[in-house]
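Colleague: Sharing upload-v5.txt, compact mmCIF, C-alpha atoms:
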# COMPACT_ATOMS: atom_id res chain seq x y z
CA MET F 14 84.44 93.27 206.76
CA THR F 15 81.09 93.30 205.06
CA ILE F 16 77.86 91.50 205.75
CA LYS F 17 78.66 88.36 207.76
CA LEU F 18 76.70 85.64 209.49
CA ALA F 19 78.06 84.75 212.93
CA LEU F 20 77.26 81.69 214.99
CA LEU F 21 77.49 82.52 218.69
CA LYS F 22 78.12 80.19 221.65
CA SER F 23 74.46 80.67 222.59
CA GLY F 24 73.46 79.06 219.29
CA GLU F 25 72.12 82.32 217.88
CA GLN F 26 72.85 83.18 214.26
CA VAL F 27 73.48 86.91 213.89
CA ILE F 28 73.80 88.77 210.60
CA SER F 29 75.44 92.20 210.57
CA ASP F 30 78.08 94.44 209.13
CA ALA F 31 80.91 92.88 211.16
CA LYS F 32 84.34 94.36 211.75
CA GLU F 33 87.35 92.99 213.61
CA VAL F 34 88.56 95.02 216.60
CA VAL F 35 92.27 95.07 217.50
CA MET F 36 93.90 97.18 220.21
CA ASP F 37 96.33 99.98 219.27
CA GLY F 38 99.92 98.79 219.22
CA ASP F 39 98.94 95.15 219.24
CA ASP F 40 99.59 92.71 216.44
CA PRO F 41 97.03 93.52 213.68
CA ASN F 42 96.30 89.81 213.40
CA ASP F 43 95.38 89.61 217.11
CA VAL F 44 91.61 90.19 217.01
CA LYS F 45 90.19 91.10 220.44
CA ALA F 46 86.49 91.39 219.55
CA TYR F 47 84.00 91.90 216.74
CA LEU F 48 81.93 95.01 216.21
CA PHE F 49 78.46 94.13 214.93
CA GLU F 50 76.68 97.06 213.30
CA ASN F 51 72.89 96.83 213.15
CA PRO F 52 72.87 93.12 214.09
CA HIS F 53 69.81 90.96 213.42
CA THR F 54 69.04 87.46 214.61
CA VAL F 55 68.38 84.96 211.83
CA THR F 56 65.80 82.29 212.59
CA THR F 57 64.52 79.62 210.26
CA ARG F 58 61.62 77.23 210.22
CA SER F 59 60.36 74.67 207.75
CA LYS F 60 57.58 75.82 205.48
CA VAL F 61 54.32 74.05 206.05
CA LEU F 62 52.58 73.05 202.85
CA LEU F 63 48.96 71.98 203.08
CA SER F 64 47.92 69.27 200.68
CA GLU F 65 44.88 67.10 200.19
CA GLU F 66 47.11 64.16 199.35
CA GLU F 67 47.82 61.74 202.17
CA ASN F 68 51.49 61.33 201.33
CA PRO F 69 52.59 64.14 199.06
CA GLU F 70 55.70 63.00 197.22
CA SER F 71 57.81 66.10 197.12
CA ASN F 72 61.51 66.52 197.56
CA ASP F 73 61.14 70.26 197.90
CA TYR F 74 62.70 71.57 201.07
CA SER F 75 61.85 75.15 201.83
CA LEU F 76 62.60 77.39 204.77
CA ASP F 77 61.08 80.59 206.04
CA VAL F 78 63.84 82.99 207.09
CA VAL F 79 63.03 85.67 209.67
CA LEU F 80 65.30 88.58 210.60
CA SER F 81 64.70 90.51 213.80
CA PRO F 82 66.84 92.99 215.74
CA TRP F 83 69.32 91.06 217.89
CA ILE F 84 68.82 92.97 221.14
CA VAL F 85 65.36 94.41 220.62
CA LEU F 86 65.35 96.92 223.47
CA ALA F 87 68.84 98.32 222.86
CA LYS F 88 69.36 101.86 221.59
CA ASP F 89 72.83 100.96 220.35
CA LYS F 90 73.28 100.07 216.70
CA LYS F 91 76.91 99.03 217.22
CA ILE F 92 77.56 96.17 219.63
CA LEU F 93 80.95 94.85 220.69
CA VAL F 94 81.08 91.04 220.96
CA PRO F 95 84.06 89.33 222.65
CA ILE F 96 85.92 87.02 220.31
CA ASP F 97 85.45 84.05 222.64
CA TRP F 98 81.66 84.27 222.16
CA VAL F 99 81.89 83.81 218.40
CA VAL F 100 82.08 80.19 217.24
CA THR F 101 82.48 81.02 213.54
CA ILE F 102 81.81 83.71 210.95
CA VAL F 103 80.68 82.86 207.42
CA GLU F 104 79.39 84.51 204.27
CA PRO F 105 75.57 84.46 204.27
CA LEU F 106 73.62 83.23 201.29
CA THR F 107 73.10 86.04 198.77
CA SER F 108 69.33 85.94 199.31
CA VAL F 109 69.78 86.32 203.09
CA ALA F 110 72.26 89.18 202.64
CA ARG F 111 69.71 90.94 200.39
CA MET F 112 67.00 90.44 203.03
CA TYR F 113 69.32 92.00 205.62
CA ILE F 114 70.07 95.02 203.42
CA ASP F 115 66.37 95.53 202.71
CA LYS F 116 65.33 95.16 206.37
CA SER F 117 68.13 97.20 207.92
CA GLY F 118 68.22 99.95 205.32
CA SER F 119 71.96 99.36 205.00
CA SER F 120 73.95 101.00 202.20
CA LEU F 121 76.25 97.96 201.97
CA THR F 122 76.56 96.06 198.73
CA ILE F 123 76.65 92.31 198.19
CA GLU F 124 79.87 90.69 197.04
CA GLU F 125 79.07 87.84 194.68
Starting from the file, lay out its structure as structure tokens.

Modeller:
Amino acid sequence: MTIKLALLKSGEQVISDAKEVVMDGDDPNDVKAYLFENPHTVTTRSKVLLSEEENPESNDYSLDVVLSPWIVLAKDKKILVPIDWVVTIVEPLTSVARMYIDKSGSSLTIEE
């Protein structure tokens, strides 16, 4: 795999270089776990815009995106996550994938 965004049962959104883990001799389509390399938690919050107008009429919707190491105190850069803890895995927005590459110092490239 490449850079993926995973939603976990806990509600956390984790971005990482994710790979599927299958056991030797098992069916290659039978994924047992995911290996997250250099995982970061993705958090978002609405941008606060200060205005002197009482009711600013703006349809702009902006978010601040913050990436932080997933398990801050861990030495490990590769973390095995059981498949039953992953709700779904999706492609992150290109801008978020670029943020991840910049923050993690990854040599991965973005597929567009």

Colleague: Between atom CA of Ile92 of chain F and atom CA of Ile28 of chain F, what is the distance, to one decimal in Å?

Modeller: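 If I compute the distance from atom CA of Ile92 of chain F to atom CA of Ile28 of chain F, I get 12.3 Å.
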
Colleague: Show me, as a count of residues only, the residues that have an atom within 10 Å of Ala19 of chain F when counting only C-alpha atoms, minus same-chain residues fewer than 6 positions from it.

Modeller: 18

Colleague: Using only C-alpha atoms for the distances, tell me which of F:Leu121, F:Thr15, F:Leu21, F:Pro95 is nearest to Val35 of chain F.

Modeller: F:Pro95

Colleague: Would you please work out which residue, of F:Asp40, F:Asp115, F:Asp97, F:Glu33, is nearest to Leu80 of chain F when using only C-alpha atoms?

Modeller: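 Selected residue with least distance to Leu80 of chain F: F:Asp115.
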
Colleague: Interatomic distance between atom CA of Ile84 of chain F and atom CA of Leu106 of chain F?

Modeller: 22.6 Å

Colleague: What is the atom CA of Tyr113 of chain F to atom CA of Glu50 of chain F distance in Å?

Modeller: 11.8 Å

Colleague: Counting all atoms listed in the file, which of F:Arg58, F:Lys45, F:Leu18, F:His53 gets nearest to Leu76 of chain F?

Modeller: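 Under the stated criterion, the closest residue is F:Arg58.
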
Colleague: Restricting the calculation to only C-alpha atoms: of F:Ser120, F:Lys22, F:Tyr47, F:Val79, which residue gets closest to Val34 of chain F?

Modeller: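 The closest residue to Val34 of chain F is F:Tyr47.
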